[in-house]
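Chemist: Next up is a structure, given as structure tokens.
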Amino acid sequence: DDCADAGMTDPVIEFVTAELPAKTLAIQPWDNEDGLTYSEGMDLALVEVDSRMMQPELRTESPHRLCDSDLTEKDVEIAVSTKYGTYSAKSEVGTGQYSRINFPAKPGDSGGGVFDKNRFCLLGIISSGGFQGSNYVTTAVVRQFLDKFQARRR
């Protein structure tokens, strides 16, 4: 299965009980040399939805901000938000391009947000996981991805 270029598909984002039509603004294709991998750990896509299509009580006046840095300590309480709900988890030792949390991910959790409860910011995006915990794309990698997107728009 080949992935379409950004803007060539019409994804639908499941947000709580709403299904929101979206536009893909940027996407990092995977490398398929020694299994499914992403260049520089960028298991990311940037999509845009019309917030007017969301339930009024779920809209926010200001976007969530990206944390200035990733966590450096183990066992920090964080929040994980997926299409199934919001959960508490704790940070674990990262793997370089990915940080690790003790959240038991299930199919459909990929793409969920990982939030720092103390700094009120987005730490990263769930990439993969299972019963033993989950990897998330680090703050630095998300920032690099967004910087590349901004550079292309200029």
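Each chain of the structure tokens is named A, B, ... in the order shown, its residues numbered from 1; ligands are numbered from 1 in display order.
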As a compact mmCIF listing (two decimals) with all heavy atoms, in the first residue's frame, please: the residues near region 69-78 of chain A (cut-off 6 Å, only C-alpha atoms, same-chain neighbours under 6 positions excluded).
Modeler:
```
# COMPACT_ATOMS: atom_id res chain seq x y z
N SER A 88 -3.84 8.80 32.56
CA SER A 88 -2.61 9.16 33.25
C SER A 88 -1.56 8.09 32.96
O SER A 88 -1.88 6.91 32.85
CB SER A 88 -2.83 9.23 34.76
OG SER A 88 -3.60 10.36 35.08
N ALA A 89 -0.32 8.52 32.86
CA ALA A 89 0.79 7.61 32.66
C ALA A 89 2.03 8.24 33.28
O ALA A 89 1.98 9.37 33.76
CB ALA A 89 1.01 7.35 31.15
N LYS A 90 3.14 7.49 33.26
CA LYS A 90 4.40 8.01 33.80
C LYS A 90 5.49 7.84 32.75
O LYS A 90 5.48 6.90 31.96
CB LYS A 90 4.78 7.29 35.08
CG LYS A 90 3.82 7.65 36.21
CD LYS A 90 4.39 7.31 37.54
CE LYS A 90 3.42 7.80 38.59
NZ LYS A 90 3.97 7.68 39.91
N SER A 91 6.44 8.78 32.79
CA SER A 91 7.55 8.73 31.85
C SER A 91 8.51 7.60 32.23
O SER A 91 8.64 7.22 33.39
CB SER A 91 8.28 10.07 31.85
OG SER A 91 8.80 10.35 33.13
N GLU A 92 9.18 7.06 31.19
CA GLU A 92 10.20 6.04 31.36
C GLU A 92 11.45 6.52 30.63
O GLU A 92 11.47 7.61 30.07
CB GLU A 92 9.72 4.70 30.80
CG GLU A 92 8.52 4.13 31.54
CD GLU A 92 8.04 2.79 30.98
OE1 GLU A 92 8.46 2.41 29.86
OE2 GLU A 92 7.25 2.14 31.67
N PHE A 115 0.92 14.83 27.03
CA PHE A 115 0.95 16.17 27.61
C PHE A 115 1.63 16.18 28.97
O PHE A 115 1.44 15.27 29.77
CB PHE A 115 -0.49 16.71 27.77
CG PHE A 115 -1.20 16.88 26.48
CD1 PHE A 115 -1.97 15.85 25.94
CD2 PHE A 115 -1.10 18.07 25.77
CE1 PHE A 115 -2.62 16.00 24.73
CE2 PHE A 115 -1.75 18.23 24.55
CZ PHE A 115 -2.51 17.19 24.03
N ASP A 116 2.41 17.23 29.21
CA ASP A 116 3.05 17.46 30.50
C ASP A 116 2.02 18.14 31.39
O ASP A 116 1.60 19.27 31.11
CB ASP A 116 4.29 18.34 30.31
CG ASP A 116 5.09 18.50 31.60
OD1 ASP A 116 4.48 18.63 32.67
OD2 ASP A 116 6.33 18.51 31.51
N LYS A 117 1.61 17.48 32.45
CA LYS A 117 0.58 18.03 33.34
C LYS A 117 1.07 19.23 34.14
O LYS A 117 0.28 20.08 34.53
CB LYS A 117 0.10 16.95 34.32
CG LYS A 117 -0.71 15.86 33.70
CD LYS A 117 -1.15 14.88 34.77
CE LYS A 117 -2.14 13.88 34.25
NZ LYS A 117 -2.62 12.98 35.32
N THR A 139 9.66 15.80 21.87
CA THR A 139 9.40 17.22 21.69
C THR A 139 10.32 17.81 20.62
O THR A 139 9.88 18.55 19.73
CB THR A 139 9.62 17.97 23.03
OG1 THR A 139 8.80 17.35 24.02
CG2 THR A 139 9.26 19.44 22.91
```
Chemist: I'd like the neighbourhood of region 42-51 of chain A as a PyMOL selection string, where a residue qualifies if any of its atoms comes within 6 Å (using only C-alpha atoms), though same-chain residues fewer than 3 positions away should be ignored.
Modeler: chain A and resi 22-28+38-39+54
Chemist: What's the 12 Å shell around Tyr87 (chain A), counting only C-alpha atoms, without same-chain residues fewer than 4 positions away, as a list in words?
Modeler: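 Counting only C-alpha atoms, the residues come to Glu77, Ile78, Ala79, Val80, Ser81, Thr82, Lys83, Ile101, Asn102, Phe103, Pro104, Ala105, Asp109, Gly112, Gly113, Val114, Phe115 and Lys117 of chain A.
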Chemist: Kindly indicate which residue among A:Pro21, A:Leu66, A:Gln55, A:Lys106 lies nearest to Gln132 (chain A), using only C-alpha atoms for the distances.
Modeler: A:Lys106
Chemist: Find the residue from A:Arg154, A:Arg143, A:Arg100, A:His64 that sits nearest to Cys121 (chain A); use only C-alpha atoms when measuring.
Modeler: A:His64
Chemist: Please indicate the distance in Å from CA of Gly85 (chain A) to CA of Cys67 (chain A), rounded to one decimal place.
Modeler: 21.4 Å
Chemist: So what do you get for CA of Arg52 (chain A) versus CA of Val137 (chain A), distance-wise?
Modeler: 28.4 Å
Chemist: Can you tell me how far CA of Phe149 (chain A) sits from CA of Gly124 (chain A), in Å to one decimal?
Modeler: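 According to the coordinates, CA of Phe149 (chain A) and CA of Gly124 (chain A) are separated by 16.5 Å.
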Chemist: Of the candidates A:Asp68, A:Tyr84, A:Ser127, A:Leu122, which one gets nearest to Glu14 (chain A) if we count only C-alpha atoms?
Modeler: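 Closest candidate: A:Tyr84.
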Chemist: Name the closest residue to Val93 (chain A) among the candidates A:Gly133, A:Pro56, A:Gly111, A:Pro11; distances are taken between atoms, counting only C-alpha atoms.
Modeler: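 Closest to Val93 (chain A), using only C-alpha atoms: A:Gly133.
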Chemist: Return as a list in words the full set of residues in region 69-113 of chain A whose backbone-based DSSP assignment is strand (DSSP E).
Modeler: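 Those in region 69-113 of chain A that DSSP calls strand (DSSP E) are Glu77, Ile78, Ala79, Val80, Ser81, Thr82, Gly85, Thr86, Tyr87, Ser88, Ala89, Lys90, Ser91, Glu92, Tyr98, Ser99, Arg100, Ile101 and Gly113 of chain A.
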